[in-house]
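Each remark here refers to the structure printed beneath this line.
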Amino acid sequence: MTDVGDQNRTPILDTLADYLAKDIYPFHTPGHKGGRFVPPELTRLWGADVLAFDLPAMTATDNTLHPTGCVLEAQQLAAELFGAAETFYLGSGSTTAVAAMLLAAVPPGETVLIPRNVHRSVASALVLSGARPKFLPHEVLPECGALAVSVEAVAAALREEPRPVAVLLTRPSYYGLASDLTPIAEACHAVGVPLIVDEAHGAHLAFLPPGGLRPALECGADLVAQSSHKTLGSLVGSAQLHVGHHSPVPAAQVRDALNLLQTTSPNYLQLASLDAVRRHLWLHGAELFRGAVEEAERLADEIDAVPGLRVLRPESVPKLAGHLRDPLRLVVNVVGTGWTGYEVERYLRMKHRVEDEMADWFNIVLILSPHDDPQARERLIAGLRSVSEQPREQPESAIAQAIHLLQPAIPPLIMTPREAALGKKEIVMRSTAVDRVCAETITFYPPGIPLIMPGERITAETLAVCDALLAGGAHCYASDPTLGTIRVAK
């Protein structure tokens, strides 16, 4: 492992710059030859320097499959900063990391414990790995969907047959909520089961002020996926996979799984952004995020002062006892205005030129960062005040009926996701799909939690939830986004 003093280096960025300074002409890929062969509008948009840095994996620049040079050094520096035994840089988001973690930790046919509020990438990982999911029970709160699973639920499930060989959790939730992970990590380790955490939205937790939500690695997780681009400032799609210091899944096994999934042509602009962001965080991370949290609290107080709006705070909701929230993710409940979250989202986009992270029937969710634009915050507040000043009639019965939309019943699993997704299938009209086995993942974005996974029976209740979400303005990700037809197993 490298020394702390080396954190001031950017091995990937420095290597690319040094190589370009040698003025070596590229008789190799990529075809744009350092920006010479590209449409002029791309040069105008991105600049010649950016295109020049778009170099390929080669002897001079290292590689991500079996790195020995600058990529290896950069990953070691990241592991040190984030508290991992080993870290892998990725250019295809946490989706690849989640698949690699399951491939490395769960042999085909074995059982993995998961809550239902997982990203669709978990459904894809189940297909690739051949693992069988077993769903952990957890409470649901209308204001924010699924709550954290309890250590009691995990411990009980670990005693059942077939015995699970891994536990995979999403933390924090898409609403920025999580509980202390340490007891669950201890329960897993007591029986030799690895704890896998999809921390796609929590890469910044290590840099928040003390006393709040802590990162999964610090709590004892074994394998952790982080979408660095979501909250740390690296380029879209850049991510990290961390292996904990005491992980029962060896780092070499994780690397083997990653190398089944990764491209041999990584995007060095993404890798360089991870490298530069890591140094920036080492130098200024604590200061930047302390300031961002202070600004977020001021914004939350302003929103709370708007009639009909309320920022979700665990300390004011008894059912959220034991939960902490990401202070940079504001969940704004809009029920008091009579608007749905989907309606508020569209209104803010069209009339006030601000875009939220996601919306549901009850809320909009805002992600805040260091250096957010003060004028954009003013437009946001103005838009929310305008919503408050235009209240709508929303019968209480409509709100009550919509509660199940955040966490509908889990359909029964008839066959493994792999069997359903990779086996013979056919397209049927939605009217004849009830009681058939689904052969695709049906998800509403954001947040991307599957309503139906491959291998699950399609029920009338689940389709009714889909209809309500479509009517509310949610976006369906399926082979037919209208759900007029559905792919089912033959």
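Labeling convention for the structure tokens: chains A, B, ... as they appear, residues from 1 per chain, ligands from 1 in order of appearance.
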
(request) Do a neighbour search on Val317 in chain A at 12 Å with only C-alpha atoms, toss out local chain neighbours closer than 6 positions, and write the hits as a PyMOL selection string. (result) chain A and resi 141-144+310-311+323-324

Just the selected residues (N, CA, C and O atoms), exported as an mmCIF file, in the first residue's frame, please.
```
data_model
loop_
_atom_site.group_PDB
_atom_site.id
_atom_site.type_symbol
_atom_site.label_atom_id
_atom_site.label_comp_id
_atom_site.auth_asym_id
_atom_site.auth_seq_id
_atom_site.Cartn_x
_atom_site.Cartn_y
_atom_site.Cartn_z
ATOM 1 N N LEU A 141 -42.713 2.947 5.065
ATOM 2 C CA LEU A 141 -43.310 4.195 5.522
ATOM 3 C C LEU A 141 -43.800 4.956 4.296
ATOM 4 O O LEU A 141 -43.040 5.111 3.329
ATOM 5 N N PRO A 142 -45.059 5.390 4.286
ATOM 6 C CA PRO A 142 -45.574 6.072 3.095
ATOM 7 C C PRO A 142 -44.693 7.219 2.625
ATOM 8 O O PRO A 142 -44.532 7.446 1.434
ATOM 9 N N GLU A 143 -44.084 7.938 3.563
ATOM 10 C CA GLU A 143 -43.284 9.097 3.187
ATOM 11 C C GLU A 143 -41.990 8.744 2.460
ATOM 12 O O GLU A 143 -41.399 9.580 1.786
ATOM 13 N N CYS A 144 -41.526 7.511 2.605
ATOM 14 C CA CYS A 144 -40.193 7.225 2.059
ATOM 15 C C CYS A 144 -39.982 5.762 1.699
ATOM 16 O O CYS A 144 -38.843 5.324 1.561
ATOM 17 N N ARG A 310 -42.839 19.850 3.604
ATOM 18 C CA ARG A 310 -42.151 19.367 4.811
ATOM 19 C C ARG A 310 -40.964 18.512 4.389
ATOM 20 O O ARG A 310 -41.097 17.578 3.598
ATOM 21 N N VAL A 311 -39.796 18.843 4.915
ATOM 22 C CA VAL A 311 -38.602 18.040 4.661
ATOM 23 C C VAL A 311 -38.573 16.863 5.622
ATOM 24 O O VAL A 311 -38.790 17.027 6.830
ATOM 25 N N HIS A 323 -32.890 5.512 12.494
ATOM 26 C CA HIS A 323 -32.429 5.869 11.160
ATOM 27 C C HIS A 323 -31.699 7.215 11.191
ATOM 28 O O HIS A 323 -32.024 8.104 11.975
ATOM 29 N N LEU A 324 -30.718 7.339 10.326
ATOM 30 C CA LEU A 324 -30.067 8.611 10.060
ATOM 31 C C LEU A 324 -30.312 8.950 8.593
ATOM 32 O O LEU A 324 -30.620 8.072 7.793
#
```

(message) Quick one: residues within 12 Å of Asp480 in chain A, only C-alpha atoms, excluding same-chain residues fewer than 4 positions away - as a ChimeraX atom specification?
(response) /A:427-430,440-443,475-476,484-487

(request) Please identify all polymer residues within 7 Å of His229 in chain A, counting only C-alpha atoms, omitting same-chain residues fewer than 5 positions from it, and present them as a PyMOL selection string. (result) chain A and resi 234-239

Output of the above residues as a PDB file, in the first residue's frame, restricted to C-alpha atoms:
```pdb
ATOM      1  CA  SER A 234     -16.176  12.522 -11.231  1.00  0.00           C
ATOM      2  CA  LEU A 235     -17.495  11.986 -14.757  1.00  0.00           C
ATOM      3  CA  VAL A 236     -20.826  10.245 -15.314  1.00  0.00           C
ATOM      4  CA  GLY A 237     -20.459   6.468 -15.201  1.00  0.00           C
ATOM      5  CA  SER A 238     -17.288   6.420 -13.096  1.00  0.00           C
ATOM      6  CA  ALA A 239     -17.481   4.173 -10.046  1.00  0.00           C
TER       7      ALA A 239
END
```

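Ranking A:Ala376, A:Val191, A:Leu299, A:Leu271 by their shortest atom-to-atom distance to Gly93 in chain A, with only C-alpha atoms included, puts A:Leu271 first.
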
(message) From the options A:Leu65, A:Leu128, A:Leu217, A:Leu72, which residue's atoms come nearest to Gln262 in chain A, counting only C-alpha atoms?
(response) A:Leu65

(message) So that I can check the surroundings of range 383-394 of chain A, please list as a PyMOL selection string every protein, DNA and RNA residue that reaches within 10 Å of it, counting only C-alpha atoms and ignoring chain neighbours fewer than 2 positions away.
(response) chain A and resi 303+305-309+332+334-340+343-344+347-349+351-354+377-381+396-399

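Rounded to one decimal, CA of Arg214 in chain A and CA of Pro370 in chain A lie 18.5 Å from each other.
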
Can you tell me, as a short mmCIF file (atom, residue, chain, number, x, y, z; two decimals) with N, CA and C atoms, in the first residue's frame, which residues in range 72-321 of chain A count as helix (DSSP H, G or I) by DSSP?
```cif
data_model
loop_
_atom_site.label_atom_id
_atom_site.label_comp_id
_atom_site.auth_asym_id
_atom_site.auth_seq_id
_atom_site.Cartn_x
_atom_site.Cartn_y
_atom_site.Cartn_z
N LEU A 72 -2.95 0.94 -11.22
CA LEU A 72 -2.76 0.23 -9.96
C LEU A 72 -2.45 1.22 -8.84
N GLU A 73 -1.56 2.16 -9.08
CA GLU A 73 -1.20 3.12 -8.04
C GLU A 73 -2.39 3.97 -7.65
N ALA A 74 -3.18 4.42 -8.64
CA ALA A 74 -4.35 5.25 -8.35
C ALA A 74 -5.37 4.48 -7.52
N GLN A 75 -5.56 3.22 -7.86
CA GLN A 75 -6.52 2.40 -7.10
C GLN A 75 -6.03 2.17 -5.67
N GLN A 76 -4.73 2.01 -5.49
CA GLN A 76 -4.19 1.84 -4.14
C GLN A 76 -4.39 3.10 -3.31
N LEU A 77 -4.18 4.25 -3.93
CA LEU A 77 -4.42 5.50 -3.22
C LEU A 77 -5.89 5.65 -2.84
N ALA A 78 -6.79 5.26 -3.74
CA ALA A 78 -8.22 5.31 -3.43
C ALA A 78 -8.56 4.37 -2.29
N ALA A 79 -7.99 3.17 -2.30
CA ALA A 79 -8.26 2.21 -1.22
C ALA A 79 -7.84 2.79 0.12
N GLU A 80 -6.69 3.44 0.14
CA GLU A 80 -6.21 4.04 1.38
C GLU A 80 -7.15 5.15 1.86
N LEU A 81 -7.56 6.01 0.95
CA LEU A 81 -8.42 7.13 1.33
C LEU A 81 -9.78 6.67 1.81
N PHE A 82 -10.35 5.66 1.15
CA PHE A 82 -11.72 5.22 1.49
C PHE A 82 -11.74 4.10 2.53
N GLY A 93 -20.26 2.46 -14.12
CA GLY A 93 -21.16 2.66 -13.01
C GLY A 93 -21.18 1.51 -12.01
N SER A 94 -22.03 1.67 -11.00
CA SER A 94 -22.17 0.63 -9.98
C SER A 94 -22.85 -0.62 -10.53
N THR A 95 -23.48 -0.51 -11.70
CA THR A 95 -24.13 -1.68 -12.29
C THR A 95 -23.13 -2.82 -12.47
N THR A 96 -21.96 -2.50 -13.02
CA THR A 96 -20.93 -3.53 -13.19
C THR A 96 -20.41 -4.00 -11.83
N ALA A 97 -20.26 -3.08 -10.89
CA ALA A 97 -19.77 -3.46 -9.57
C ALA A 97 -20.72 -4.42 -8.87
N VAL A 98 -22.02 -4.13 -8.94
CA VAL A 98 -23.01 -5.00 -8.30
C VAL A 98 -22.96 -6.41 -8.90
N ALA A 99 -22.89 -6.49 -10.22
CA ALA A 99 -22.81 -7.79 -10.88
C ALA A 99 -21.55 -8.54 -10.47
N ALA A 100 -20.43 -7.83 -10.43
CA ALA A 100 -19.17 -8.48 -10.06
C ALA A 100 -19.20 -8.97 -8.61
N MET A 101 -19.78 -8.20 -7.72
CA MET A 101 -19.84 -8.61 -6.32
C MET A 101 -20.65 -9.89 -6.16
N LEU A 102 -21.79 -9.96 -6.85
CA LEU A 102 -22.60 -11.18 -6.75
C LEU A 102 -21.91 -12.36 -7.42
N LEU A 103 -21.29 -12.14 -8.57
CA LEU A 103 -20.57 -13.22 -9.24
C LEU A 103 -19.45 -13.76 -8.36
N ALA A 104 -18.77 -12.86 -7.66
CA ALA A 104 -17.64 -13.28 -6.82
C ALA A 104 -18.07 -13.97 -5.54
N ALA A 105 -19.23 -13.59 -5.00
CA ALA A 105 -19.61 -14.04 -3.66
C ALA A 105 -20.66 -15.15 -3.65
N ARG A 120 -32.29 -2.10 -10.24
CA ARG A 120 -32.50 -3.11 -11.26
C ARG A 120 -31.21 -3.83 -11.61
N SER A 121 -30.05 -3.22 -11.32
CA SER A 121 -28.78 -3.89 -11.57
C SER A 121 -28.65 -5.17 -10.76
N VAL A 122 -29.32 -5.24 -9.62
CA VAL A 122 -29.29 -6.46 -8.82
C VAL A 122 -30.05 -7.57 -9.54
N ALA A 123 -31.17 -7.23 -10.16
CA ALA A 123 -31.91 -8.22 -10.95
C ALA A 123 -31.04 -8.74 -12.09
N SER A 124 -30.32 -7.85 -12.74
CA SER A 124 -29.43 -8.26 -13.82
C SER A 124 -28.30 -9.14 -13.28
N ALA A 125 -27.78 -8.78 -12.11
CA ALA A 125 -26.71 -9.57 -11.50
C ALA A 125 -27.20 -10.97 -11.13
N LEU A 126 -28.45 -11.08 -10.70
CA LEU A 126 -29.00 -12.40 -10.39
C LEU A 126 -29.07 -13.26 -11.64
N VAL A 127 -29.42 -12.65 -12.76
CA VAL A 127 -29.46 -13.38 -14.03
C VAL A 127 -28.06 -13.87 -14.40
N LEU A 128 -27.08 -12.98 -14.30
CA LEU A 128 -25.72 -13.34 -14.69
C LEU A 128 -25.12 -14.40 -13.77
N SER A 129 -25.39 -14.30 -12.49
CA SER A 129 -24.75 -15.19 -11.52
C SER A 129 -25.48 -16.52 -11.35
N VAL A 151 -31.41 -6.00 12.17
CA VAL A 151 -30.44 -7.07 12.41
C VAL A 151 -31.15 -8.36 12.78
N GLU A 152 -32.32 -8.24 13.46
CA GLU A 152 -33.08 -9.44 13.82
C GLU A 152 -33.57 -10.17 12.58
N ALA A 153 -34.04 -9.42 11.58
CA ALA A 153 -34.52 -10.04 10.34
C ALA A 153 -33.39 -10.74 9.61
N VAL A 154 -32.22 -10.10 9.57
CA VAL A 154 -31.07 -10.70 8.89
C VAL A 154 -30.62 -11.96 9.63
N ALA A 155 -30.49 -11.87 10.95
CA ALA A 155 -30.03 -13.03 11.74
C ALA A 155 -30.99 -14.20 11.59
N ALA A 156 -32.30 -13.93 11.60
CA ALA A 156 -33.28 -15.01 11.45
C ALA A 156 -33.17 -15.66 10.08
N ALA A 157 -33.02 -14.83 9.04
CA ALA A 157 -32.93 -15.36 7.67
C ALA A 157 -31.66 -16.17 7.47
N LEU A 158 -30.59 -15.81 8.17
CA LEU A 158 -29.33 -16.54 8.04
C LEU A 158 -29.40 -17.93 8.67
N THR A 182 -23.32 -1.67 11.47
CA THR A 182 -22.36 -2.49 12.22
C THR A 182 -22.98 -3.77 12.79
N PRO A 183 -24.16 -3.73 13.44
CA PRO A 183 -24.72 -4.98 13.98
C PRO A 183 -25.02 -6.02 12.90
N ILE A 184 -25.45 -5.56 11.73
CA ILE A 184 -25.73 -6.49 10.64
C ILE A 184 -24.43 -7.10 10.12
N ALA A 185 -23.38 -6.30 10.01
CA ALA A 185 -22.08 -6.84 9.59
C ALA A 185 -21.60 -7.88 10.59
N GLU A 186 -21.77 -7.62 11.87
CA GLU A 186 -21.36 -8.58 12.90
C GLU A 186 -22.16 -9.87 12.81
N ALA A 187 -23.46 -9.77 12.54
CA ALA A 187 -24.31 -10.97 12.40
C ALA A 187 -23.87 -11.80 11.21
N CYS A 188 -23.52 -11.13 10.11
CA CYS A 188 -23.04 -11.85 8.92
C CYS A 188 -21.71 -12.53 9.19
N HIS A 189 -20.80 -11.81 9.81
CA HIS A 189 -19.46 -12.37 10.04
C HIS A 189 -19.48 -13.50 11.05
N ALA A 190 -20.46 -13.49 11.96
CA ALA A 190 -20.56 -14.56 12.95
C ALA A 190 -20.79 -15.92 12.31
N LEU A 205 -20.13 9.71 1.89
CA LEU A 205 -20.40 9.60 3.33
C LEU A 205 -19.12 9.72 4.16
N ALA A 206 -18.00 9.26 3.61
CA ALA A 206 -16.75 9.30 4.37
C ALA A 206 -16.29 10.73 4.63
N PHE A 207 -16.84 11.70 3.92
CA PHE A 207 -16.37 13.08 4.04
C PHE A 207 -17.36 13.99 4.76
N LEU A 217 -18.01 0.68 4.55
CA LEU A 217 -16.72 0.08 4.89
C LEU A 217 -16.37 0.29 6.35
N GLU A 218 -16.65 1.48 6.83
CA GLU A 218 -16.36 1.80 8.23
C GLU A 218 -17.19 0.95 9.19
N CYS A 219 -18.35 0.49 8.71
CA CYS A 219 -19.25 -0.32 9.55
C CYS A 219 -18.98 -1.81 9.42
N SER A 228 -19.19 6.96 -7.87
CA SER A 228 -18.49 8.20 -7.53
C SER A 228 -19.08 9.41 -8.23
N HIS A 229 -19.59 9.19 -9.45
CA HIS A 229 -20.13 10.31 -10.22
C HIS A 229 -21.38 10.90 -9.60
N LYS A 230 -22.10 10.14 -8.79
CA LYS A 230 -23.37 10.64 -8.24
C LYS A 230 -23.16 11.76 -7.22
N THR A 231 -22.11 11.65 -6.41
CA THR A 231 -21.97 12.62 -5.32
C THR A 231 -20.56 13.15 -5.13
N ALA A 251 -9.93 -10.40 -2.84
CA ALA A 251 -9.89 -9.38 -3.88
C ALA A 251 -9.61 -9.99 -5.25
N ALA A 252 -8.78 -11.04 -5.29
CA ALA A 252 -8.47 -11.69 -6.57
C ALA A 252 -9.72 -12.29 -7.19
N GLN A 253 -10.61 -12.79 -6.34
CA GLN A 253 -11.87 -13.36 -6.83
C GLN A 253 -12.78 -12.27 -7.39
N VAL A 254 -12.76 -11.13 -6.75
CA VAL A 254 -13.53 -9.99 -7.24
C VAL A 254 -12.96 -9.52 -8.58
N ARG A 255 -11.64 -9.46 -8.67
CA ARG A 255 -11.01 -9.04 -9.93
C ARG A 255 -11.38 -10.00 -11.06
N ASP A 256 -11.37 -11.30 -10.79
CA ASP A 256 -11.74 -12.27 -11.82
C ASP A 256 -13.17 -12.03 -12.30
N ALA A 257 -14.07 -11.74 -11.36
CA ALA A 257 -15.46 -11.49 -11.74
C ALA A 257 -15.57 -10.20 -12.56
N LEU A 258 -14.85 -9.16 -12.13
CA LEU A 258 -14.87 -7.91 -12.88
C LEU A 258 -14.36 -8.10 -14.30
N ASN A 259 -13.33 -8.92 -14.44
CA ASN A 259 -12.73 -9.08 -15.75
C ASN A 259 -13.60 -9.87 -16.72
N LEU A 260 -14.65 -10.53 -16.19
CA LEU A 260 -15.65 -11.14 -17.06
C LEU A 260 -16.61 -10.11 -17.63
N LEU A 261 -16.68 -8.96 -16.98
CA LEU A 261 -17.70 -7.96 -17.31
C LEU A 261 -17.14 -6.70 -17.93
N TYR A 268 -10.37 6.56 -20.43
CA TYR A 268 -9.39 7.17 -19.54
C TYR A 268 -9.80 8.55 -19.04
N LEU A 269 -10.74 9.18 -19.70
CA LEU A 269 -11.26 10.43 -19.16
C LEU A 269 -11.99 10.14 -17.85
N GLN A 270 -12.76 9.05 -17.80
CA GLN A 270 -13.42 8.67 -16.56
C GLN A 270 -12.41 8.30 -15.49
N LEU A 271 -11.41 7.50 -15.86
CA LEU A 271 -10.41 7.08 -14.88
C LEU A 271 -9.63 8.28 -14.34
N ALA A 272 -9.26 9.20 -15.23
CA ALA A 272 -8.54 10.39 -14.79
C ALA A 272 -9.40 11.23 -13.85
N SER A 273 -10.71 11.28 -14.12
CA SER A 273 -11.59 12.06 -13.24
C SER A 273 -11.65 11.43 -11.84
N LEU A 274 -11.68 10.11 -11.77
CA LEU A 274 -11.64 9.44 -10.47
C LEU A 274 -10.36 9.77 -9.72
N ASP A 275 -9.27 9.75 -10.46
CA ASP A 275 -7.95 10.03 -9.88
C ASP A 275 -7.88 11.46 -9.34
N ALA A 276 -8.33 12.42 -10.15
CA ALA A 276 -8.27 13.82 -9.74
C ALA A 276 -9.22 14.11 -8.59
N VAL A 277 -10.40 13.52 -8.63
CA VAL A 277 -11.37 13.73 -7.55
C VAL A 277 -10.83 13.16 -6.24
N ARG A 278 -10.17 12.02 -6.31
CA ARG A 278 -9.60 11.43 -5.09
C ARG A 278 -8.62 12.38 -4.42
N ARG A 279 -7.71 12.98 -5.22
CA ARG A 279 -6.76 13.93 -4.63
C ARG A 279 -7.49 15.15 -4.09
N HIS A 280 -8.48 15.65 -4.83
CA HIS A 280 -9.24 16.83 -4.38
C HIS A 280 -9.93 16.55 -3.05
N LEU A 281 -10.48 15.36 -2.90
CA LEU A 281 -11.15 15.00 -1.65
C LEU A 281 -10.15 14.87 -0.51
N TRP A 282 -8.98 14.33 -0.81
CA TRP A 282 -7.95 14.22 0.24
C TRP A 282 -7.56 15.61 0.73
N LEU A 283 -7.45 16.54 -0.21
CA LEU A 283 -7.03 17.89 0.16
C LEU A 283 -8.15 18.70 0.81
N HIS A 284 -9.37 18.60 0.28
CA HIS A 284 -10.43 19.54 0.65
C HIS A 284 -11.77 18.89 1.00
N GLY A 285 -11.86 17.56 0.96
CA GLY A 285 -13.15 16.89 1.09
C GLY A 285 -13.92 17.27 2.34
N ALA A 286 -13.28 17.19 3.50
CA ALA A 286 -13.98 17.47 4.76
C ALA A 286 -14.51 18.90 4.78
N GLU A 287 -13.68 19.84 4.34
CA GLU A 287 -14.09 21.25 4.32
C GLU A 287 -15.24 21.49 3.35
N LEU A 288 -15.15 20.92 2.15
CA LEU A 288 -16.18 21.12 1.14
C LEU A 288 -17.52 20.57 1.60
N PHE A 289 -17.51 19.37 2.15
CA PHE A 289 -18.78 18.75 2.54
C PHE A 289 -19.33 19.35 3.83
N ARG A 290 -18.47 19.85 4.70
CA ARG A 290 -18.99 20.56 5.87
C ARG A 290 -19.76 21.79 5.42
N GLY A 291 -19.21 22.53 4.48
CA GLY A 291 -19.92 23.70 3.97
C GLY A 291 -21.20 23.33 3.25
N ALA A 292 -21.17 22.23 2.49
CA ALA A 292 -22.37 21.80 1.76
C ALA A 292 -23.48 21.40 2.73
N VAL A 293 -23.12 20.74 3.83
CA VAL A 293 -24.12 20.34 4.83
C VAL A 293 -24.74 21.58 5.48
N GLU A 294 -23.93 22.57 5.77
CA GLU A 294 -24.47 23.79 6.37
C GLU A 294 -25.45 24.48 5.42
N GLU A 295 -25.09 24.55 4.13
CA GLU A 295 -26.00 25.15 3.14
C GLU A 295 -27.28 24.32 3.01
N ALA A 296 -27.14 23.00 3.07
CA ALA A 296 -28.31 22.12 2.95
C ALA A 296 -29.28 22.33 4.10
N GLU A 297 -28.75 22.51 5.29
CA GLU A 297 -29.63 22.73 6.45
C GLU A 297 -30.38 24.05 6.32
N ARG A 298 -29.69 25.06 5.81
CA ARG A 298 -30.38 26.35 5.61
C ARG A 298 -31.48 26.21 4.56
N LEU A 299 -31.20 25.46 3.49
CA LEU A 299 -32.21 25.26 2.46
C LEU A 299 -33.39 24.46 3.01
N ALA A 300 -33.10 23.42 3.80
CA ALA A 300 -34.17 22.61 4.38
C ALA A 300 -35.08 23.47 5.26
N ASP A 301 -34.48 24.37 6.03
CA ASP A 301 -35.29 25.25 6.88
C ASP A 301 -36.16 26.19 6.03
N GLU A 302 -35.62 26.68 4.93
CA GLU A 302 -36.41 27.54 4.04
C GLU A 302 -37.60 26.78 3.46
N ILE A 303 -37.36 25.53 3.06
CA ILE A 303 -38.44 24.73 2.48
C ILE A 303 -39.49 24.42 3.53
N ASP A 304 -39.05 24.11 4.74
CA ASP A 304 -40.01 23.82 5.82
C ASP A 304 -40.91 25.02 6.12
N PRO A 314 -35.73 12.24 10.20
CA PRO A 314 -35.99 11.05 11.03
C PRO A 314 -36.36 11.39 12.47
N GLU A 315 -35.77 12.44 13.01
CA GLU A 315 -36.04 12.76 14.42
C GLU A 315 -37.47 13.18 14.67
N SER A 316 -38.20 13.54 13.60
CA SER A 316 -39.59 13.97 13.78
C SER A 316 -40.59 12.90 13.35
N PRO A 318 -41.60 9.06 14.35
CA PRO A 318 -41.34 7.97 15.29
C PRO A 318 -40.93 6.66 14.61
N LYS A 319 -41.53 6.33 13.47
CA LYS A 319 -41.20 5.07 12.80
C LYS A 319 -39.78 5.04 12.24
N LEU A 320 -39.14 6.21 12.19
CA LEU A 320 -37.77 6.26 11.69
C LEU A 320 -36.75 6.25 12.82
#
```

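Note that CA of Glu161 in chain A and CA of Ile410 in chain A are 20.0 Å apart.
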
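Within 6 Å of Pro454 in chain A, once only C-alpha atoms are used and residues closer than 5 positions along the same chain are dropped, the contacting residues are Pro417, Ala420, Ala421, Cys438, Ala439, Glu440 and Thr441 of chain A.
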
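Nearest to Ser431 in chain A of all the residues A:Ile196, A:Ala85, A:Arg325, A:Ala460 is A:Ala460, counting only C-alpha atoms.
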
(request) Identify, with DSSP run on backbone atoms, the residues in range 308-420 of chain A assigned to strand (DSSP E), and express the list as JSON, numbers by chain. (result) {"A": [310, 311, 323, 324, 325, 329, 330, 331, 332, 333, 358, 359, 363, 364, 365, 366, 367]}

Go ahead and write the residues just picked, N, CA and C atoms, as a PDB file, in the first residue's frame.
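Output contents, as saved in selection-v1.pdb:
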```
ATOM      1  N   ARG A 310     -42.839  19.850   3.604  1.00  0.00           N
ATOM      2  CA  ARG A 310     -42.151  19.367   4.811  1.00  0.00           C
ATOM      3  C   ARG A 310     -40.964  18.512   4.389  1.00  0.00           C
ATOM      4  N   VAL A 311     -39.796  18.843   4.915  1.00  0.00           N
ATOM      5  CA  VAL A 311     -38.602  18.040   4.661  1.00  0.00           C
ATOM      6  C   VAL A 311     -38.573  16.863   5.622  1.00  0.00           C
ATOM      7  N   HIS A 323     -32.890   5.512  12.494  1.00  0.00           N
ATOM      8  CA  HIS A 323     -32.429   5.869  11.160  1.00  0.00           C
ATOM      9  C   HIS A 323     -31.699   7.215  11.191  1.00  0.00           C
ATOM     10  N   LEU A 324     -30.718   7.339  10.326  1.00  0.00           N
ATOM     11  CA  LEU A 324     -30.067   8.611  10.060  1.00  0.00           C
ATOM     12  C   LEU A 324     -30.312   8.950   8.593  1.00  0.00           C
ATOM     13  N   ARG A 325     -30.166  10.209   8.240  1.00  0.00           N
ATOM     14  CA  ARG A 325     -30.367  10.599   6.841  1.00  0.00           C
ATOM     15  C   ARG A 325     -29.123  11.274   6.295  1.00  0.00           C
ATOM     16  N   ARG A 329     -29.310  15.010   0.938  1.00  0.00           N
ATOM     17  CA  ARG A 329     -30.440  14.509   0.149  1.00  0.00           C
ATOM     18  C   ARG A 329     -31.716  14.947   0.861  1.00  0.00           C
ATOM     19  N   LEU A 330     -32.397  15.930   0.278  1.00  0.00           N
ATOM     20  CA  LEU A 330     -33.605  16.458   0.893  1.00  0.00           C
ATOM     21  C   LEU A 330     -34.832  15.803   0.265  1.00  0.00           C
ATOM     22  N   VAL A 331     -35.613  15.145   1.101  1.00  0.00           N
ATOM     23  CA  VAL A 331     -36.879  14.556   0.674  1.00  0.00           C
ATOM     24  C   VAL A 331     -37.975  15.543   1.065  1.00  0.00           C
ATOM     25  N   VAL A 332     -38.605  16.142   0.066  1.00  0.00           N
ATOM     26  CA  VAL A 332     -39.600  17.186   0.311  1.00  0.00           C
ATOM     27  C   VAL A 332     -40.981  16.601   0.076  1.00  0.00           C
ATOM     28  N   ASN A 333     -41.730  16.436   1.157  1.00  0.00           N
ATOM     29  CA  ASN A 333     -43.086  15.912   1.062  1.00  0.00           C
ATOM     30  C   ASN A 333     -44.017  17.037   0.618  1.00  0.00           C
ATOM     31  N   MET A 358     -35.414  12.735  -8.217  1.00  0.00           N
ATOM     32  CA  MET A 358     -36.510  11.808  -8.463  1.00  0.00           C
ATOM     33  C   MET A 358     -37.770  12.345  -7.815  1.00  0.00           C
ATOM     34  N   ALA A 359     -38.895  11.753  -8.193  1.00  0.00           N
ATOM     35  CA  ALA A 359     -40.185  12.107  -7.604  1.00  0.00           C
ATOM     36  C   ALA A 359     -40.995  10.842  -7.426  1.00  0.00           C
ATOM     37  N   ASN A 363     -43.486  12.854  -2.869  1.00  0.00           N
ATOM     38  CA  ASN A 363     -42.276  13.622  -2.624  1.00  0.00           C
ATOM     39  C   ASN A 363     -41.561  14.031  -3.909  1.00  0.00           C
ATOM     40  N   ILE A 364     -40.690  15.028  -3.750  1.00  0.00           N
ATOM     41  CA  ILE A 364     -39.581  15.197  -4.674  1.00  0.00           C
ATOM     42  C   ILE A 364     -38.308  15.018  -3.851  1.00  0.00           C
ATOM     43  N   VAL A 365     -37.252  14.562  -4.492  1.00  0.00           N
ATOM     44  CA  VAL A 365     -35.984  14.314  -3.801  1.00  0.00           C
ATOM     45  C   VAL A 365     -34.907  15.157  -4.469  1.00  0.00           C
ATOM     46  N   LEU A 366     -34.177  15.911  -3.653  1.00  0.00           N
ATOM     47  CA  LEU A 366     -33.142  16.816  -4.146  1.00  0.00           C
ATOM     48  C   LEU A 366     -31.781  16.354  -3.648  1.00  0.00           C
ATOM     49  N   ILE A 367     -30.790  16.311  -4.542  1.00  0.00           N
ATOM     50  CA  ILE A 367     -29.416  16.001  -4.149  1.00  0.00           C
ATOM     51  C   ILE A 367     -28.618  17.294  -4.202  1.00  0.00           C
TER      52      ILE A 367
END
```

(request) For CA of Ala57 in chain A and CA of Ala84 in chain A, determine how far apart the two atoms are, in Å to one decimal place. (result) 25.0 Å

(request) Find the residues around range 24-28 of chain A up to 12 Å (only C-alpha atoms counted), leave out those fewer than 3 positions away in its own chain, and share them as a PyMOL selection string. (result) chain A and resi 16-21+31-37+52+54-58+60

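Here the question is which of A:Glu86, A:Leu147, A:Glu199, A:Val38 gets nearest to Ala321 in chain A using only C-alpha atoms, and that residue is A:Leu147.
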
(request) Pick out the closest residue to Val465 in chain A from this set: A:Pro446, A:Pro209, A:Gly244, A:Pro408. Count only C-alpha atoms. (result) A:Pro408
